[in-house]
file coords-v3.pdb (PDB, C-alpha atoms)
ATOM      1  CA  MET O  16     -39.330  15.975-109.648  1.00  0.00           C
ATOM      2  CA  SER O  17     -42.978  16.990-109.378  1.00  0.00           C
ATOM      3  CA  MET O  18     -42.953  18.456-112.882  1.00  0.00           C
ATOM      4  CA  PHE O  19     -41.284  15.303-114.283  1.00  0.00           C
ATOM      5  CA  ASP O  20     -43.968  13.176-112.651  1.00  0.00           C
ATOM      6  CA  TYR O  21     -46.593  15.337-114.320  1.00  0.00           C
ATOM      7  CA  VAL O  22     -44.946  15.121-117.757  1.00  0.00           C
ATOM      8  CA  GLU O  23     -44.217  11.409-117.575  1.00  0.00           C
ATOM      9  CA  ASN O  24     -47.232  10.115-115.641  1.00  0.00           C
ATOM     10  CA  GLY O  25     -49.762  12.957-115.543  1.00  0.00           C
ATOM     11  CA  ILE O  26     -49.562  13.218-111.726  1.00  0.00           C
ATOM     12  CA  GLU O  27     -50.065  16.805-110.584  1.00  0.00           C
ATOM     13  CA  PRO O  28     -47.969  18.059-107.649  1.00  0.00           C
ATOM     14  CA  ASP O  29     -49.606  19.237-104.440  1.00  0.00           C
ATOM     15  CA  PHE O  30     -48.592  22.908-104.090  1.00  0.00           C
ATOM     16  CA  ASP O  31     -49.925  25.483-101.620  1.00  0.00           C
ATOM     17  CA  GLY O  32     -50.402  29.231-101.878  1.00  0.00           C
ATOM     18  CA  MET O  33     -48.262  31.083-104.379  1.00  0.00           C
ATOM     19  CA  LEU O  34     -46.756  27.870-105.765  1.00  0.00           C
ATOM     20  CA  SER O  35     -50.213  26.633-106.616  1.00  0.00           C
ATOM     21  CA  MET O  36     -50.855  29.801-108.672  1.00  0.00           C
ATOM     22  CA  CYS O  37     -47.507  29.507-110.431  1.00  0.00           C
ATOM     23  CA  TRP O  38     -48.127  25.843-111.184  1.00  0.00           C
ATOM     24  CA  SER O  39     -51.215  26.636-113.227  1.00  0.00           C
ATOM     25  CA  PHE O  40     -49.076  28.684-115.643  1.00  0.00           C
ATOM     26  CA  ILE O  41     -46.271  26.110-115.667  1.00  0.00           C
ATOM     27  CA  ARG O  42     -48.739  23.278-116.315  1.00  0.00           C
ATOM     28  CA  ALA O  43     -50.255  25.127-119.276  1.00  0.00           C
ATOM     29  CA  GLN O  44     -46.787  25.585-120.772  1.00  0.00           C
ATOM     30  CA  LEU O  45     -45.883  21.952-120.134  1.00  0.00           C
ATOM     31  CA  ASP O  46     -49.119  20.833-121.818  1.00  0.00           C
ATOM     32  CA  ARG O  47     -48.368  22.952-124.869  1.00  0.00           C
ATOM     33  CA  ASP O  48     -44.788  21.633-125.056  1.00  0.00           C
ATOM     34  CA  THR O  49     -45.947  18.044-124.649  1.00  0.00           C
ATOM     35  CA  GLU O  50     -48.600  18.468-127.351  1.00  0.00           C
ATOM     36  CA  LYS O  51     -46.034  20.037-129.693  1.00  0.00           C
ATOM     37  CA  TYR O  52     -43.541  17.228-129.005  1.00  0.00           C
ATOM     38  CA  ASN O  53     -46.154  14.536-129.636  1.00  0.00           C
ATOM     39  CA  SER O  54     -47.231  16.257-132.847  1.00  0.00           C
ATOM     40  CA  ILE O  55     -43.652  16.364-134.138  1.00  0.00           C
ATOM     41  CA  ARG O  56     -43.070  12.730-133.174  1.00  0.00           C
ATOM     42  CA  GLU O  57     -46.257  11.641-134.979  1.00  0.00           C
ATOM     43  CA  LYS O  58     -45.268  13.527-138.119  1.00  0.00           C
ATOM     44  CA  ARG O  59     -41.847  11.894-138.109  1.00  0.00           C
ATOM     45  CA  ALA O  60     -43.376   8.473-137.615  1.00  0.00           C
ATOM     46  CA  ALA O  61     -45.803   9.065-140.479  1.00  0.00           C
ATOM     47  CA  SER O  62     -42.941  10.253-142.664  1.00  0.00           C
ATOM     48  CA  GLY O  63     -40.950   7.140-141.785  1.00  0.00           C
ATOM     49  CA  ARG O  64     -43.886   4.903-142.713  1.00  0.00           C
ATOM     50  CA  ARG O  65     -44.251   6.669-146.062  1.00  0.00           C
ATOM     51  CA  GLY O  66     -40.509   6.324-146.656  1.00  0.00           C
ATOM     52  CA  GLY O  67     -40.693   2.610-145.991  1.00  0.00           C
ATOM     53  CA  LYS O  68     -43.563   2.217-148.427  1.00  0.00           C
ATOM     54  CA  GLN O  69     -41.680   4.249-151.024  1.00  0.00           C
ATOM     55  CA  THR O  70     -38.574   2.114-150.548  1.00  0.00           C
ATOM     56  CA  LYS O  71     -40.626  -1.031-151.175  1.00  0.00           C
ATOM     57  CA  ALA O  72     -42.158   0.594-154.241  1.00  0.00           C
ATOM     58  CA  ASN O  73     -38.712   1.568-155.503  1.00  0.00           C
ATOM     59  CA  ARG O  74     -37.457  -1.973-155.008  1.00  0.00           C
ATOM     60  CA  ALA O  75     -40.492  -3.302-156.868  1.00  0.00           C
ATOM     61  CA  ASN O  76     -39.935  -0.834-159.710  1.00  0.00           C
ATOM     62  CA  ALA O  77     -36.258  -1.767-159.906  1.00  0.00           C
ATOM     63  CA  THR O  78     -37.141  -5.452-160.076  1.00  0.00           C
ATOM     64  CA  PHE O  79     -39.684  -4.762-162.816  1.00  0.00           C
ATOM     65  CA  ALA O  80     -37.117  -2.731-164.783  1.00  0.00           C
ATOM     66  CA  LYS O  81     -34.541  -5.531-164.562  1.00  0.00           C
ATOM     67  CA  GLN O  82     -37.102  -8.088-165.707  1.00  0.00           C
ATOM     68  CA  THR O  83     -38.080  -5.840-168.620  1.00  0.00           C
ATOM     69  CA  GLN O  84     -34.422  -5.560-169.674  1.00  0.00           C
ATOM     70  CA  ALA O  85     -33.999  -9.335-169.434  1.00  0.00           C
ATOM     71  CA  ASN O  86     -37.108  -9.877-171.550  1.00  0.00           C
ATOM     72  CA  GLN O  87     -35.833  -7.416-174.137  1.00  0.00           C
ATOM     73  CA  ALA O  88     -32.483  -9.216-174.231  1.00  0.00           C
ATOM     74  CA  ASP O  89     -34.287 -12.500-174.852  1.00  0.00           C
ATOM     75  CA  THR O  90     -36.292 -11.036-177.741  1.00  0.00           C
ATOM     76  CA  VAL O  91     -34.992 -12.204-181.122  1.00  0.00           C
ATOM     77  CA  ASN O  92     -34.807  -9.674-183.933  1.00  0.00           C
ATOM     78  CA  VAL O  93     -36.862 -10.293-187.064  1.00  0.00           C
ATOM     79  CA  ASN O  94     -33.914 -11.591-189.093  1.00  0.00           C
ATOM     80  CA  ASP O  95     -32.009 -13.372-186.283  1.00  0.00           C
ATOM     81  CA  THR O  96     -31.164 -17.047-186.776  1.00  0.00           C
ATOM     82  CA  VAL O  97     -31.123 -19.428-183.799  1.00  0.00           C
ATOM     83  CA  ASN O  98     -30.113 -23.057-184.245  1.00  0.00           C
ATOM     84  CA  GLY O  99     -30.924 -22.930-187.934  1.00  0.00           C
ATOM     85  CA  THR O 100     -34.339 -21.261-187.460  1.00  0.00           C
ATOM     86  CA  VAL O 101     -35.169 -17.808-188.809  1.00  0.00           C
ATOM     87  CA  ILE O 102     -37.726 -15.969-186.671  1.00  0.00           C
ATOM     88  CA  LYS O 103     -39.972 -14.061-189.089  1.00  0.00           C
ATOM     89  CA  GLU O 104     -42.756 -12.952-186.738  1.00  0.00           C
ATOM     90  CA  GLU O 105     -43.637 -13.618-183.137  1.00  0.00           C
ATOM     91  CA  GLY O 106     -45.013 -17.127-182.924  1.00  0.00           C
ATOM     92  CA  LYS O 107     -44.005 -17.987-186.509  1.00  0.00           C
ATOM     93  CA  GLU O 108     -40.871 -19.790-187.595  1.00  0.00           C
ATOM     94  CA  GLU O 109     -39.259 -20.596-190.875  1.00  0.00           C
ATOM     95  CA  THR O 110     -36.526 -23.189-191.148  1.00  0.00           C
ATOM     96  CA  ALA O 111     -33.318 -21.691-192.495  1.00  0.00           C
ATOM     97  CA  SER O 112     -31.799 -23.321-195.528  1.00  0.00           C
ATOM     98  CA  ALA O 113     -29.240 -25.938-194.583  1.00  0.00           C
ATOM     99  CA  GLU O 114     -27.424 -25.291-197.850  1.00  0.00           C
ATOM    100  CA  PRO O 115     -24.432 -22.913-197.924  1.00  0.00           C
ATOM    101  CA  SER O 116     -24.924 -19.345-199.085  1.00  0.00           C
ATOM    102  CA  HIS O 117     -22.842 -19.843-202.224  1.00  0.00           C
ATOM    103  CA  LEU O 118     -25.502 -22.265-203.465  1.00  0.00           C
ATOM    104  CA  SER O 119     -27.053 -19.192-205.006  1.00  0.00           C
ATOM    105  CA  VAL O 120     -25.036 -20.521-207.952  1.00  0.00           C
ATOM    106  CA  ASN O 121     -27.514 -22.324-210.192  1.00  0.00           C
ATOM    107  CA  TYR O 122     -27.235 -26.117-210.040  1.00  0.00           C
ATOM    108  CA  GLN O 123     -27.542 -26.213-213.796  1.00  0.00           C
ATOM    109  CA  SER O 124     -24.513 -23.929-214.147  1.00  0.00           C
ATOM    110  CA  ILE O 125     -22.339 -26.629-212.522  1.00  0.00           C
ATOM    111  CA  VAL O 126     -23.652 -29.222-214.976  1.00  0.00           C
ATOM    112  CA  ASP O 127     -23.115 -26.810-217.880  1.00  0.00           C
ATOM    113  CA  ASP O 128     -19.555 -26.156-216.709  1.00  0.00           C
ATOM    114  CA  TYR O 129     -18.859 -29.891-216.617  1.00  0.00           C
ATOM    115  CA  ASN O 130     -20.291 -30.452-220.112  1.00  0.00           C
ATOM    116  CA  ALA O 131     -18.354 -27.516-221.542  1.00  0.00           C
ATOM    117  CA  THR O 132     -15.078 -28.506-219.869  1.00  0.00           C
ATOM    118  CA  CYS O 133     -15.080 -32.319-219.932  1.00  0.00           C
ATOM    119  CA  THR O 134     -15.662 -32.860-223.652  1.00  0.00           C
ATOM    120  CA  LYS O 135     -13.849 -36.215-223.530  1.00  0.00           C
ATOM    121  CA  LEU O 136     -16.207 -37.556-220.867  1.00  0.00           C
ATOM    122  CA  PRO O 137     -19.852 -38.650-221.086  1.00  0.00           C
ATOM    123  CA  VAL O 138     -22.327 -35.778-221.242  1.00  0.00           C
ATOM    124  CA  CYS O 139     -24.435 -35.092-218.164  1.00  0.00           C
ATOM    125  CA  ARG O 140     -27.893 -34.708-219.721  1.00  0.00           C
ATOM    126  CA  LYS O 141     -30.279 -34.503-216.775  1.00  0.00           C
ATOM    127  CA  LEU O 142     -30.125 -32.613-213.513  1.00  0.00           C
ATOM    128  CA  SER O 143     -31.708 -35.175-211.197  1.00  0.00           C
ATOM    129  CA  ASP O 144     -32.456 -34.779-207.486  1.00  0.00           C
ATOM    130  CA  ALA O 145     -29.526 -37.034-206.655  1.00  0.00           C
ATOM    131  CA  ARG O 146     -27.210 -34.812-208.693  1.00  0.00           C
ATOM    132  CA  ARG O 147     -28.587 -31.677-207.051  1.00  0.00           C
ATOM    133  CA  LYS O 148     -27.872 -33.250-203.685  1.00  0.00           C
ATOM    134  CA  ALA O 149     -24.330 -34.184-204.744  1.00  0.00           C
ATOM    135  CA  ILE O 150     -23.642 -30.661-206.028  1.00  0.00           C
ATOM    136  CA  GLY O 151     -25.000 -29.142-202.805  1.00  0.00           C
ATOM    137  CA  ALA O 152     -22.887 -31.465-200.670  1.00  0.00           C
ATOM    138  CA  ARG O 153     -19.689 -30.644-202.571  1.00  0.00           C
ATOM    139  CA  LEU O 154     -20.351 -26.905-202.443  1.00  0.00           C
ATOM    140  CA  LYS O 155     -20.426 -27.102-198.663  1.00  0.00           C
ATOM    141  CA  VAL O 156     -16.703 -27.936-198.875  1.00  0.00           C
ATOM    142  CA  TYR O 157     -15.496 -26.667-202.246  1.00  0.00           C
ATOM    143  CA  SER O 158     -16.137 -23.472-204.166  1.00  0.00           C
ATOM    144  CA  ALA O 159     -17.551 -23.413-207.710  1.00  0.00           C
ATOM    145  CA  ASP O 160     -14.050 -22.509-208.915  1.00  0.00           C
ATOM    146  CA  GLU O 161     -12.617 -25.626-207.259  1.00  0.00           C
ATOM    147  CA  LEU O 162     -15.269 -27.760-208.965  1.00  0.00           C
ATOM    148  CA  HIS O 163     -14.241 -26.196-212.268  1.00  0.00           C
ATOM    149  CA  THR O 164     -10.603 -27.059-211.492  1.00  0.00           C
ATOM    150  CA  ALA O 165     -11.634 -30.664-210.847  1.00  0.00           C
ATOM    151  CA  PHE O 166     -13.396 -30.726-214.231  1.00  0.00           C
ATOM    152  CA  GLU O 167     -10.309 -29.311-215.958  1.00  0.00           C
ATOM    153  CA  LYS O 168      -7.988 -31.844-214.302  1.00  0.00           C
ATOM    154  CA  SER O 169     -10.364 -34.674-215.241  1.00  0.00           C
ATOM    155  CA  GLN O 170     -10.416 -33.506-218.868  1.00  0.00           C
ATOM    156  CA  ALA O 171      -6.596 -33.380-218.900  1.00  0.00           C
ATOM    157  CA  SER O 172      -6.153 -36.797-217.267  1.00  0.00           C
ATOM    158  CA  SER O 173      -5.402 -39.577-219.746  1.00  0.00           C
ATOM    159  CA  PHE O 174      -6.497 -42.189-217.264  1.00  0.00           C
ATOM    160  CA  LEU O 175      -9.861 -40.549-216.476  1.00  0.00           C
ATOM    161  CA  THR O 176     -10.622 -39.994-220.166  1.00  0.00           C
ATOM    162  CA  GLY O 177     -10.395 -43.691-221.045  1.00  0.00           C
ATOM    163  CA  GLN O 178      -6.719 -44.293-221.764  1.00  0.00           C
ATOM    164  CA  ASN O 179      -6.418 -47.256-219.432  1.00  0.00           C
ATOM    165  CA  ASP O 180      -6.481 -51.033-219.865  1.00  0.00           C
ATOM    166  CA  ARG O 181     -10.222 -51.159-219.130  1.00  0.00           C
ATOM    167  CA  ASN O 182     -11.286 -48.377-221.483  1.00  0.00           C
ATOM    168  CA  TRP O 183     -13.083 -46.916-218.487  1.00  0.00           C
ATOM    169  CA  THR O 184     -13.872 -43.191-218.328  1.00  0.00           C
ATOM    170  CA  ALA O 185     -14.968 -40.998-215.478  1.00  0.00           C
ATOM    171  CA  ASN O 186     -18.294 -39.166-215.605  1.00  0.00           C
ATOM    172  CA  PHE O 187     -20.084 -36.347-213.795  1.00  0.00           C
ATOM    173  CA  ASP O 188     -21.418 -38.547-210.981  1.00  0.00           C
ATOM    174  CA  TRP O 189     -18.027 -40.176-210.394  1.00  0.00           C
ATOM    175  CA  ILE O 190     -16.208 -36.846-210.258  1.00  0.00           C
ATOM    176  CA  LEU O 191     -18.781 -35.398-207.789  1.00  0.00           C
ATOM    177  CA  LYS O 192     -18.227 -38.184-205.257  1.00  0.00           C
ATOM    178  CA  ASP O 193     -16.526 -36.796-202.174  1.00  0.00           C
ATOM    179  CA  SER O 194     -13.565 -39.157-202.145  1.00  0.00           C
ATOM    180  CA  ASN O 195     -13.014 -38.890-205.901  1.00  0.00           C
ATOM    181  CA  ILE O 196     -13.001 -35.103-206.189  1.00  0.00           C
ATOM    182  CA  ALA O 197     -10.512 -34.943-203.310  1.00  0.00           C
ATOM    183  CA  LYS O 198      -8.125 -37.263-205.170  1.00  0.00           C
ATOM    184  CA  ILE O 199      -8.585 -35.340-208.433  1.00  0.00           C
ATOM    185  CA  LEU O 200      -7.750 -32.020-206.786  1.00  0.00           C
ATOM    186  CA  ASP O 201      -4.800 -33.645-204.990  1.00  0.00           C
ATOM    187  CA  GLY O 202      -3.377 -34.529-208.406  1.00  0.00           C
ATOM    188  CA  ASN O 203      -3.629 -38.304-208.063  1.00  0.00           C
ATOM    189  CA  TYR O 204      -4.875 -38.627-211.663  1.00  0.00           C
ATOM    190  CA  ASP O 205      -2.570 -36.062-213.273  1.00  0.00           C
ATOM    191  CA  ASN O 206      -0.519 -37.334-216.230  1.00  0.00           C
ATOM    192  CA  ARG O 207       3.081 -38.332-215.513  1.00  0.00           C
ATOM    193  CA  LYS O 208       6.006 -37.669-217.787  1.00  0.00           C
ATOM    194  CA  GLY O 209       6.749 -40.589-220.096  1.00  0.00           C
ATOM    195  CA  GLN O 210       3.483 -42.319-219.272  1.00  0.00           C
ATOM    196  CA  LYS O 211       2.545 -45.113-221.742  1.00  0.00           C
ATOM    197  CA  HIS O 212      -1.180 -45.495-222.081  1.00  0.00           C
ATOM    198  CA  ASN O 213      -1.114 -49.087-223.323  1.00  0.00           C
ATOM    199  CA  GLU O 214       0.549 -50.377-220.182  1.00  0.00           C
ATOM    200  CA  LYS O 215      -0.886 -51.065-216.799  1.00  0.00           C
ATOM    201  CA  ASN O 216       0.305 -48.057-214.776  1.00  0.00           C
ATOM    202  CA  GLN O 217      -0.210 -46.354-211.470  1.00  0.00           C
ATOM    203  CA  TYR O 218      -3.587 -44.949-212.523  1.00  0.00           C
ATOM    204  CA  THR O 219      -4.913 -48.407-213.237  1.00  0.00           C
ATOM    205  CA  LYS O 220      -3.748 -49.439-209.790  1.00  0.00           C
ATOM    206  CA  LEU O 221      -5.576 -46.489-208.299  1.00  0.00           C
ATOM    207  CA  PHE O 222      -8.678 -47.415-210.260  1.00  0.00           C
ATOM    208  CA  GLU O 223      -8.570 -50.983-208.963  1.00  0.00           C
ATOM    209  CA  LYS O 224      -8.049 -49.776-205.427  1.00  0.00           C
ATOM    210  CA  TYR O 225     -10.554 -46.941-205.159  1.00  0.00           C
ATOM    211  CA  THR O 226     -13.234 -47.345-207.830  1.00  0.00           C
ATOM    212  CA  ILE O 227     -16.449 -48.823-206.504  1.00  0.00           C
TER     213      ILE O 227
END
call {"tool": "encode", "arguments": {"input": "coords-v3.pdb", "output": "structure tokens"}}
result
Amino acid sequence: MSMFDYVENGIEPDFDGMLSMCWSFIRAQLDRDTEKYNSIREKRAASGRRGGKQTKANRANATFAKQTQANQADTVNVNDTVNGTVIKEEGKEETASAEPSHLSVNYQSIVDDYNATCTKLPVCRKLSDARRKAIGARLKVYSADELHTAFEKSQASSFLTGQNDRNWTANFDWILKDSNIAKILDGNYDNRKGQKHNEKNQYTKLFEKYTI
């Protein structure tokens, strides 16, 4: 118990004679062991503190890496389109064309197709802004081939080419109206077998009902 008191509390035992001589050697050994133990404990504590700091640093690095990945994911490529906006450079925007891609077809080519196909109808002489807008609107729904079909059906329709009781004929602007081109393509103005052009027929009724 005396040695434990010395190790724990630093209290030296009171030995006499031979025990006193032996104690001096034992004490020296105990001091060396205690010093070695304290040194090891301090090293472990220091290592633990460094490990804790490293863990915090690792967590910080991991957080930074995740944020970097998120930022990269949010970066828009040069040619990406978001909500109709093309990002050309950082901080610069260019509004994407609202017109469909097949409007690479020249507006004038649609007018030329009409004039070449609908020879029984009035010639479309000028490509105005209103007509450009009408062509663009129709090409959002119909292809250029479907517009050509509408022109062909108009050219072949007796009613649309003036053979009605009003001597009325369709024209480019009338054909390009949304409701009218739909009816033309549906075949509402196609000629019927045995149709008599000098009588009031179903086409005249359609004209009275739908023509504005």
call {"tool": "atom_distance", "arguments": {"input": "coords-v3.pdb", "atom1": "atom CA of O:Thr134", "atom2": "atom CA of O:Val156"}}
result
25.3 Å
call {"tool": "closest_residue", "arguments": {"input": "coords-v3.pdb", "among": "O:Ser173, O:Asp193, O:Leu136, O:Phe187", "to": "O:Tyr157", "atoms": "only C-alpha atoms"}}
result
O:Asp193
call {"tool": "closest_residue", "arguments": {"input": "coords-v3.pdb", "among": "O:Asp205, O:Asp180, O:Asp127, O:Asp144", "to": "O:Ala165", "atoms": "only C-alpha atoms"}}
result
O:Asp205
call {"tool": "residues_near_point", "arguments": {"input": "coords-v3.pdb", "point": "(-22.3, -28.3, -214.2)", "cutoff": "9 Å", "atoms": "all atoms listed in the file", "output": "list in words"}}
result
Asn121, Tyr122, Gln123, Ser124, Ile125, Val126, Asp127, Asp128, Tyr129, Asn130, Ala131, Cys139, Leu142, Ile150, Leu162, His163 and Phe187 of chain O
call {"tool": "write_last_selection", "arguments": {"input": "coords-v3.pdb", "atoms": "C-alpha atoms", "output": "compact mmCIF listing (two decimals), in the coordinates of the input"}}
result
# COMPACT_ATOMS: atom_id res chain seq x y z
CA ASN O 121 -27.51 -22.32 -210.19
CA TYR O 122 -27.24 -26.12 -210.04
CA GLN O 123 -27.54 -26.21 -213.80
CA SER O 124 -24.51 -23.93 -214.15
CA ILE O 125 -22.34 -26.63 -212.52
CA VAL O 126 -23.65 -29.22 -214.98
CA ASP O 127 -23.12 -26.81 -217.88
CA ASP O 128 -19.56 -26.16 -216.71
CA TYR O 129 -18.86 -29.89 -216.62
CA ASN O 130 -20.29 -30.45 -220.11
CA ALA O 131 -18.35 -27.52 -221.54
CA CYS O 139 -24.44 -35.09 -218.16
CA LEU O 142 -30.12 -32.61 -213.51
CA ILE O 150 -23.64 -30.66 -206.03
CA LEU O 162 -15.27 -27.76 -208.96
CA HIS O 163 -14.24 -26.20 -212.27
CA PHE O 187 -20.08 -36.35 -213.80
call {"tool": "atom_distance", "arguments": {"input": "coords-v3.pdb", "atom1": "atom CA of O:Arg74", "atom2": "atom CA of O:Arg59"}}
result
22.3 Å
call {"tool": "closest_residue", "arguments": {"input": "coords-v3.pdb", "among": "O:Glu161, O:Leu191, O:Asn53, O:Ala61", "to": "O:Ala149", "atoms": "all atoms listed in the file"}}
result
O:Leu191
call {"tool": "atom_distance", "arguments": {"input": "coords-v3.pdb", "atom1": "atom CA of O:Val138", "atom2": "atom CA of O:Asn186"}}
result
7.7 Å
call {"tool": "closest_residue", "arguments": {"input": "coords-v3.pdb", "among": "O:Ser169, O:Arg64, O:Ala152, O:Asn179", "to": "O:Lys192", "atoms": "all atoms listed in the file"}}
result
O:Ala152
